[in-house]
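Peer 1: Once you've had a glance at the structure underneath, I'll fire off some questions.
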Amino acid sequence: MELKKRKKDFTGALSIGIVRLMFFFLVMVLILLLTKIFIEGIGVISLNFLIDEPRNNMTEGGIGPAIFGTVAVTLLMILFTLPLGVFSAIYLNEYAKDTFFTRIIRTSINNLAGVPSIVFGLFGLGFFILFIGKNMDEVLQTGLLFGQPALLWASATLAVLVLPIVIVSTLEALNSVPKSHRDASYGLGATKWQTIRNVVLPQARPGILTGTILAISRGAGETAPILFLGAAFFLPNLPIADLCIGGYCIPIINPTEQFMYLAYHIFIMATQSSNPTKTLPLQYGSTLVLILLTFLLNITAIIFRYRFRKILGRL
Amino acid sequence: MKEIKIVVKDLSLYYGDKQALKDITIDIPEKRVTAFIGPSGCGKSTFLRVLNRMNDLIDHVKIDGEVYIDGVNIFDKSLDIVNLRKNIGMVFQKSNLFPKTVYDNIVYGPRINGIRDKKTLDEIVEKTLNQAAIWDEVKDRMNDNALSLSGGQQQRLCIARALAVEPEIILMDEPASALDPISTAKIEELIHELKQQYTIVIVTHNMQQAARVSDETAFFYLGELIEYDRTTKIFTNPAKKQTEDYVTGRFG
Amino acid sequence: MSSEEQKDFFEKSADSKYAKKIGKYTRLKESAIKFFFAVNGAMALIFIILIFIFLFKEGFRALEHIRLLDFLYLDRTDSAGNVQKVFEWYPTSDEARYSLVPLLLGTLLTAIPATIISTLFGVGTGIYLSEVANPKFKEFLKPAIELFAGIPTVVLGFIMLAVGASFFNDLLNPANRLNAFVASIGLSFVIIPIIASLTEDALHSIPNDLRMASYGLGATKWQTISRVILPAAFSGVSASIILGFGRAIGETMIVLMCAGNASNITADIFLSVRTMTATIAAEMGEVSQGSDHYYALFFIGIVLFTITFFLNLAAEIIINKMRKKNTF
């Protein structure tokens with residue numbers, strides 16, 4: 001009896017030990033890999049690297065245009081997805097009753113989150129470029145061509161991809177506003193929209209901001225969807241055009257142009273470089289920049305969310 | 001002869017299949033304090049929320065019966081509910097002040113109703129904070145976060161906020177249950193002041209409070225109105241045995 | 001109330017503040033606002049439907065020139081007159097072959113090992129976080145996992161290419177340097193956080209009463225975990241594995257960069273393979289619009305979308321059932 005118990009304890013302790021080991025093993029591997037990227041890449045990063053354009057088939061120069069393209073695309077993406085996602089969440093949390101239709105919508109959100117990224121690429125091609133873009137060209141007849149791979153469609157496609165992130169974060173933010181505040185507002189004779197606008201949304205702002213940051217981070221890291229939606233490895237010019245009204249011209253982002261993209265850039269360098277040994281340090285450098293960007297965004301979002309959860313807890 | 005403000009006829013309420021209120025019939029007089037008492041879960045808070053149609057905000061609620069305020073049927077489909085709620089103030093069990101300044105909390109109601117002029121708003125703020133007997137305590141703290149006030153102050157601020165939209169009826173759902181005795185006394189004093197101008201209905205599980213503060217008392221049990229009469233009668237010589245058992249503390 | 005009093009009462013309604021009716025304008029405005037939000041609310045649903053429509057619109061056109069059976073195999077007659085079934089994906093050759101079988105096998109050969117490894121490590125990590133780790137440590141760990149889950153897949157692909165492939169090449173001496181195994185290790189980095197996070201959620205949401213009951217009966221910590229908590233969390237954990245598997249199937253960049261991209265039919269994970277996702281990614285840039293090859297790639301997209309759609313649905317149904325039954 002005593003022996004059996006000891007055997008039981010032993011297997012139990014062993015299993016827990018194994019689980020602990022697994023965890024720390026993973027942590028170690030991750031730290032090692034990240035350290036490797038850091039070590040190999042940090043030497044390459046400089047202000048010039050971040051601003052310069054690539055030269056000599058990416059054996060020299062920098063990733064400036066790629067960073068610009070990433071910023072431009074994610075900015076436009078947020079413009080599309082933020083209002084859509086927030087309004088969507090407002091409907092689900094504030095207006096919708098628990099019906100079959102509502103449950104289908106929630107299922108769709110989860111499903112959208114699980115669609116493979118390359119399928120989004122096909123969707124962007126088939127829907128945005130070939131359907132919307134082509135029709136826009138026929139109807140609008142401007143000098144610009146919309147029915148081709150372009151910044152606009154890459155942003156739109158990524159907007160659909162990150163939509164679930166914005167919706168879920170906003171839902172969490174809206175949900176965290178106590179019901180009693182809404183009751184107080186209705187009790188004072190406010191309409192539903194007045195209540196949402198003046199009581200719920202202001203309190204939900206931190207959560208929505210968190211969702212935005214997470215969406216940007218996700219969008220900046222995606223490669224597959226934009227492979228054939230306008231990402232290019234090398235472009236002679238930035239996707240900027242001059243918008244001239246009257247006599248005044250201001251430079252704006254031209255959404256019908258192709259663009260360079262940091263994540264795409266890393267992919268091409270890693271797989272199609274003509275001179276791998278010379279480009280390898282720059283590959284590490286670019287990867288380090290992308291990782292730092294992603295980490296920075298995610299950490300900001302996490303800290304933000306932690307702080308606003310804490311504030312609400314105190315209420 | 002007292003004037004009647006609210007008439008309720010055969011009111012029943014169902015949460016899904018469960019019946020929470022059974023055929024409530026009651027006349028609530030104007031400019032008096034009416035107390036609803038009864039054990040936990042007897043429906044008194046639910047009934048209170050029927051009066052300003054707050055139950056509309058909950059899913060799966062069904063209501064039968066009639067409620068009239070000043071002769072107006074409040075379940076009339078063409079009635080402006082927003083206006084109804086504006087004219088009925090509600091104070092909740094726990095303070096639900098917005099995470100805004102003291103000033104912004106008070107002017108929220110008037111602003112929602114279209115009053116923008118700063119001078120008018122300032123006047124409203126001073127008037128209602130005085131009515132709620134809290135002006136001296138917060139007049140220098142207008143721009144402080146309302147949640148930085150003490151519990152008792154917050155509740156009085158809630159009352160001031162409700163008064164700012166000039167209701168005629170004030171509904172109070174256990175307004176002092178989360179407060180210390182001194183704050184409770186202040187609130188009760190306030191109620192006594194306010195009843196000169198407003199019709200007040202207060203839900204309370206504290207029988208002594210009901211006895212101190214109200215003119216009429218209604219005793220609810222398991223969703224039914226058991227007895228409704230002058231407060232003095234309910235507490236000294238109740239007509240129903242159930243009422244007597246409750247007020248003498250034999251159950252509840 | 002006497003009838004006299006009643007009359008007076010109802011006559012008050014003419015002057016009463018409470019008598020105001022809803023303005024038509026207000027009613028319209030509120031309806032319009034609600035409708036606006038409802039349309040937005042339905043957007044996720046609308047987009048799923050649009051994805052369906054446009055994938056199928058382009059993908060079914062493949063069937064104009066390619067028979068459905070061709071997506072499985074082609075019959076080839078050799079010089080001796082024998083007929084052979086050919087399972088090859090080679091759309092650019094003169095004898096265009098469109099068999100999805102090697103691609104499907106490639107996907108499975110990378111996804112299944114990845115899911116197995118990730119289930120082991122993921123559930124293990126989930127158990128560690130929920131039951132073993134110091135709670136204060138855990139508060140810092142959960143965000144850390146989220147951080148790692150946010151690493152772009154192209155970065156993971158790059159790391160495996162730059163470091164992992166050579167490492168495993170030296171260690172295991174595989175037939176191909178870039179193979180299904182390297183890809184599945186890379187995939188695991190994506191999937192382990194998913195499984196770990198969901199497993200931890202599922203385990204954590206088991207009420208403490210069950211743990212207390214088990215300890216109270218004299219069970220050890222591990223016995224409680226393995227016999228009480230894990231079984232109770234079975235639905236949640238299974239759902240996480242299904243979602244992880246779906247993710248592995250749908251992943252593109254890592255397999256594109258690390259699996260070797262040779263269309264082989266094999267069960268040897270140390271050979272190069274081609275997955276469905278990598279095929280679309282690699283070839284879409286090269287095809288001419290409107291060609292059979294182009295439509296065939298969309299057809300692969302349909303297959304891919306359908307598989308992941310049903311996997312996601314399955315996971316969702318399991319999670320919903322578990323919420324209803326209140327087991328986790």
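Identifiers in the structure tokens: chain A, B, ... in order shown; residue index from 1 per chain; ligand index from 1 in order shown.
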Skipping near chain neighbours, those fewer than 4 positions away, what residues fall within 8 Å of Ala178 (chain B) using only C-alpha atoms, listed as a list in words?
Peer 2: Gln93, Lys94 and Gly151 of chain B
Peer 1: For chain A against chain B, with a cut-off of 10 Å and counting only C-alpha atoms, what is the closest atom pair and its distance in Å to one decimal for every residue that makes the cut, ordered by chain and number, as JSON lines?
Peer 2:
```
{"residue": "A:Lys97", "atom": "CA", "partner": "B:Asp59", "partner_atom": "CA", "distance": 7.1}
{"residue": "A:Asp98", "atom": "CA", "partner": "B:Asp59", "partner_atom": "CA", "distance": 8.1}
{"residue": "A:Pro178", "atom": "CA", "partner": "B:Asn96", "partner_atom": "CA", "distance": 8.9}
{"residue": "A:Lys179", "atom": "CA", "partner": "B:Asn96", "partner_atom": "CA", "distance": 9.3}
{"residue": "A:Ser180", "atom": "CA", "partner": "B:Asn96", "partner_atom": "CA", "distance": 5.8}
{"residue": "A:His181", "atom": "CA", "partner": "B:Asn96", "partner_atom": "CA", "distance": 5.7}
{"residue": "A:Arg182", "atom": "CA", "partner": "B:Asn96", "partner_atom": "CA", "distance": 9.0}
{"residue": "A:Asp183", "atom": "CA", "partner": "B:Met54", "partner_atom": "CA", "distance": 7.9}
{"residue": "A:Ala184", "atom": "CA", "partner": "B:Asn96", "partner_atom": "CA", "distance": 6.5}
{"residue": "A:Ser185", "atom": "CA", "partner": "B:Gly109", "partner_atom": "CA", "distance": 7.8}
{"residue": "A:Tyr186", "atom": "CA", "partner": "B:Arg85", "partner_atom": "CA", "distance": 7.1}
{"residue": "A:Gly187", "atom": "CA", "partner": "B:Arg85", "partner_atom": "CA", "distance": 5.5}
{"residue": "A:Leu188", "atom": "CA", "partner": "B:Lys86", "partner_atom": "CA", "distance": 5.0}
{"residue": "A:Gly189", "atom": "CA", "partner": "B:Lys86", "partner_atom": "CA", "distance": 3.9}
{"residue": "A:Ala190", "atom": "CA", "partner": "B:Val82", "partner_atom": "CA", "distance": 6.1}
{"residue": "A:Thr191", "atom": "CA", "partner": "B:Val82", "partner_atom": "CA", "distance": 6.3}
{"residue": "A:Lys192", "atom": "CA", "partner": "B:Val82", "partner_atom": "CA", "distance": 9.4}
{"residue": "A:Gln194", "atom": "CA", "partner": "B:Ile112", "partner_atom": "CA", "distance": 7.3}
{"residue": "A:Thr195", "atom": "CA", "partner": "B:Ile112", "partner_atom": "CA", "distance": 9.2}
{"residue": "A:Asn198", "atom": "CA", "partner": "B:Tyr108", "partner_atom": "CA", "distance": 8.7}
{"residue": "A:Val199", "atom": "CA", "partner": "B:Phe98", "partner_atom": "CA", "distance": 7.3}
{"residue": "A:Val200", "atom": "CA", "partner": "B:Phe98", "partner_atom": "CA", "distance": 9.8}
{"residue": "A:Pro202", "atom": "CA", "partner": "B:Pro99", "partner_atom": "CA", "distance": 9.5}
{"residue": "A:Gln203", "atom": "CA", "partner": "B:Pro99", "partner_atom": "CA", "distance": 8.1}
{"residue": "A:Leu315", "atom": "CA", "partner": "B:Leu147", "partner_atom": "CA", "distance": 8.4}
```
Peer 1: Restricting the output to N, CA and C atoms, write the selected residues as a PDB file, in the first residue's frame.
Peer 2:
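Generated file (selection02.pdb):
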```pdb
ATOM      1  N   LYS A  97     -31.116  41.565 -30.361  1.00  0.00           N
ATOM      2  CA  LYS A  97     -31.683  40.649 -29.381  1.00  0.00           C
ATOM      3  C   LYS A  97     -31.120  39.272 -29.674  1.00  0.00           C
ATOM      4  N   ASP A  98     -31.329  38.346 -28.744  1.00  0.00           N
ATOM      5  CA  ASP A  98     -30.745  37.027 -28.914  1.00  0.00           C
ATOM      6  C   ASP A  98     -31.586  36.197 -29.871  1.00  0.00           C
ATOM      7  N   PRO A 178     -20.581  49.041 -17.347  1.00  0.00           N
ATOM      8  CA  PRO A 178     -21.603  48.424 -16.495  1.00  0.00           C
ATOM      9  C   PRO A 178     -23.010  48.774 -16.967  1.00  0.00           C
ATOM     10  N   LYS A 179     -23.920  47.829 -16.817  1.00  0.00           N
ATOM     11  CA  LYS A 179     -25.297  48.027 -17.233  1.00  0.00           C
ATOM     12  C   LYS A 179     -25.915  49.195 -16.482  1.00  0.00           C
ATOM     13  N   SER A 180     -25.469  49.400 -15.245  1.00  0.00           N
ATOM     14  CA  SER A 180     -26.082  50.445 -14.428  1.00  0.00           C
ATOM     15  C   SER A 180     -25.889  51.823 -15.046  1.00  0.00           C
ATOM     16  N   HIS A 181     -24.798  52.007 -15.772  1.00  0.00           N
ATOM     17  CA  HIS A 181     -24.603  53.308 -16.412  1.00  0.00           C
ATOM     18  C   HIS A 181     -25.613  53.539 -17.516  1.00  0.00           C
ATOM     19  N   ARG A 182     -25.884  52.458 -18.266  1.00  0.00           N
ATOM     20  CA  ARG A 182     -26.898  52.594 -19.317  1.00  0.00           C
ATOM     21  C   ARG A 182     -28.254  52.879 -18.682  1.00  0.00           C
ATOM     22  N   ASP A 183     -28.565  52.131 -17.601  1.00  0.00           N
ATOM     23  CA  ASP A 183     -29.837  52.345 -16.911  1.00  0.00           C
ATOM     24  C   ASP A 183     -29.971  53.787 -16.462  1.00  0.00           C
ATOM     25  N   ALA A 184     -28.893  54.321 -15.891  1.00  0.00           N
ATOM     26  CA  ALA A 184     -28.942  55.706 -15.412  1.00  0.00           C
ATOM     27  C   ALA A 184     -29.279  56.639 -16.565  1.00  0.00           C
ATOM     28  N   SER A 185     -28.639  56.393 -17.705  1.00  0.00           N
ATOM     29  CA  SER A 185     -28.864  57.264 -18.853  1.00  0.00           C
ATOM     30  C   SER A 185     -30.302  57.175 -19.351  1.00  0.00           C
ATOM     31  N   TYR A 186     -30.806  55.934 -19.507  1.00  0.00           N
ATOM     32  CA  TYR A 186     -32.194  55.790 -19.945  1.00  0.00           C
ATOM     33  C   TYR A 186     -33.140  56.428 -18.947  1.00  0.00           C
ATOM     34  N   GLY A 187     -32.825  56.234 -17.651  1.00  0.00           N
ATOM     35  CA  GLY A 187     -33.681  56.791 -16.606  1.00  0.00           C
ATOM     36  C   GLY A 187     -33.789  58.306 -16.694  1.00  0.00           C
ATOM     37  N   LEU A 188     -32.755  58.947 -17.245  1.00  0.00           N
ATOM     38  CA  LEU A 188     -32.786  60.394 -17.363  1.00  0.00           C
ATOM     39  C   LEU A 188     -33.469  60.840 -18.647  1.00  0.00           C
ATOM     40  N   GLY A 189     -33.951  59.882 -19.425  1.00  0.00           N
ATOM     41  CA  GLY A 189     -34.685  60.248 -20.623  1.00  0.00           C
ATOM     42  C   GLY A 189     -33.815  60.353 -21.863  1.00  0.00           C
ATOM     43  N   ALA A 190     -32.775  59.526 -21.942  1.00  0.00           N
ATOM     44  CA  ALA A 190     -31.941  59.538 -23.145  1.00  0.00           C
ATOM     45  C   ALA A 190     -32.395  58.437 -24.089  1.00  0.00           C
ATOM     46  N   THR A 191     -32.189  58.679 -25.381  1.00  0.00           N
ATOM     47  CA  THR A 191     -32.481  57.626 -26.359  1.00  0.00           C
ATOM     48  C   THR A 191     -31.327  56.639 -26.366  1.00  0.00           C
ATOM     49  N   LYS A 192     -31.522  55.528 -27.075  1.00  0.00           N
ATOM     50  CA  LYS A 192     -30.486  54.517 -27.138  1.00  0.00           C
ATOM     51  C   LYS A 192     -29.207  55.097 -27.754  1.00  0.00           C
ATOM     52  N   GLN A 194     -28.240  58.208 -27.938  1.00  0.00           N
ATOM     53  CA  GLN A 194     -27.636  59.181 -27.043  1.00  0.00           C
ATOM     54  C   GLN A 194     -26.844  58.473 -25.952  1.00  0.00           C
ATOM     55  N   THR A 195     -27.413  57.385 -25.442  1.00  0.00           N
ATOM     56  CA  THR A 195     -26.732  56.629 -24.396  1.00  0.00           C
ATOM     57  C   THR A 195     -25.426  56.037 -24.916  1.00  0.00           C
ATOM     58  N   ASN A 198     -22.890  59.005 -25.570  1.00  0.00           N
ATOM     59  CA  ASN A 198     -22.400  59.827 -24.465  1.00  0.00           C
ATOM     60  C   ASN A 198     -21.926  59.046 -23.255  1.00  0.00           C
ATOM     61  N   VAL A 199     -22.399  57.813 -23.115  1.00  0.00           N
ATOM     62  CA  VAL A 199     -22.025  57.059 -21.922  1.00  0.00           C
ATOM     63  C   VAL A 199     -21.171  55.846 -22.273  1.00  0.00           C
ATOM     64  N   VAL A 200     -21.634  55.051 -23.258  1.00  0.00           N
ATOM     65  CA  VAL A 200     -20.964  53.780 -23.513  1.00  0.00           C
ATOM     66  C   VAL A 200     -19.653  53.966 -24.272  1.00  0.00           C
ATOM     67  N   PRO A 202     -17.583  56.563 -24.826  1.00  0.00           N
ATOM     68  CA  PRO A 202     -16.427  57.168 -24.156  1.00  0.00           C
ATOM     69  C   PRO A 202     -15.716  56.202 -23.225  1.00  0.00           C
ATOM     70  N   GLN A 203     -16.502  55.360 -22.538  1.00  0.00           N
ATOM     71  CA  GLN A 203     -15.858  54.408 -21.642  1.00  0.00           C
ATOM     72  C   GLN A 203     -15.208  53.271 -22.403  1.00  0.00           C
ATOM     73  N   LEU A 315     -13.810  50.332 -10.351  1.00  0.00           N
ATOM     74  CA  LEU A 315     -15.166  50.870 -10.280  1.00  0.00           C
ATOM     75  C   LEU A 315     -16.096  49.862  -9.595  1.00  0.00           C
TER      76      LEU A 315
END
```
Peer 1: Where does DSSP see alpha helix (DSSP H) in region 14-137 of chain A, if you list the residues as a PyMOL selection string?
Peer 2: chain A and resi 14-42+47-51+64-90+100-113+117-123+134-137
Peer 1: Quick one: residues within 12 Å of Gln209 (chain B), only C-alpha atoms counted, chain neighbours fewer than 2 positions away excluded, as number ranges by chain?
Peer 2: B: 33-37, 174-177, 181, 184-185, 187-189, 191-192, 202-207, 211-215, 217, 231, 235, 247
Peer 1: Return as a tab-separated table the residues of chain C lying at most 6 Å from chain B, together with the closest atom-to-atom pair for each and the distance in Å to one decimal, counting only C-alpha atoms, with rows in chain order and ascending residue number.
Peer 2:
```
residue	atom	partner	partner_atom	distance
C:Phe9	CA	B:Gly71	CA	5.4
C:Phe10	CA	B:Gly71	CA	3.9
C:Lys12	CA	B:Asp70	CA	5.4
C:Ser13	CA	B:Gly71	CA	4.8
C:Tyr18	CA	B:Leu84	CA	5.6
C:Ala19	CA	B:Val72	CA	5.8
C:Lys20	CA	B:Asp80	CA	5.8
C:Lys21	CA	B:Leu79	CA	4.3
C:Ile22	CA	B:Asp80	CA	4.2
```
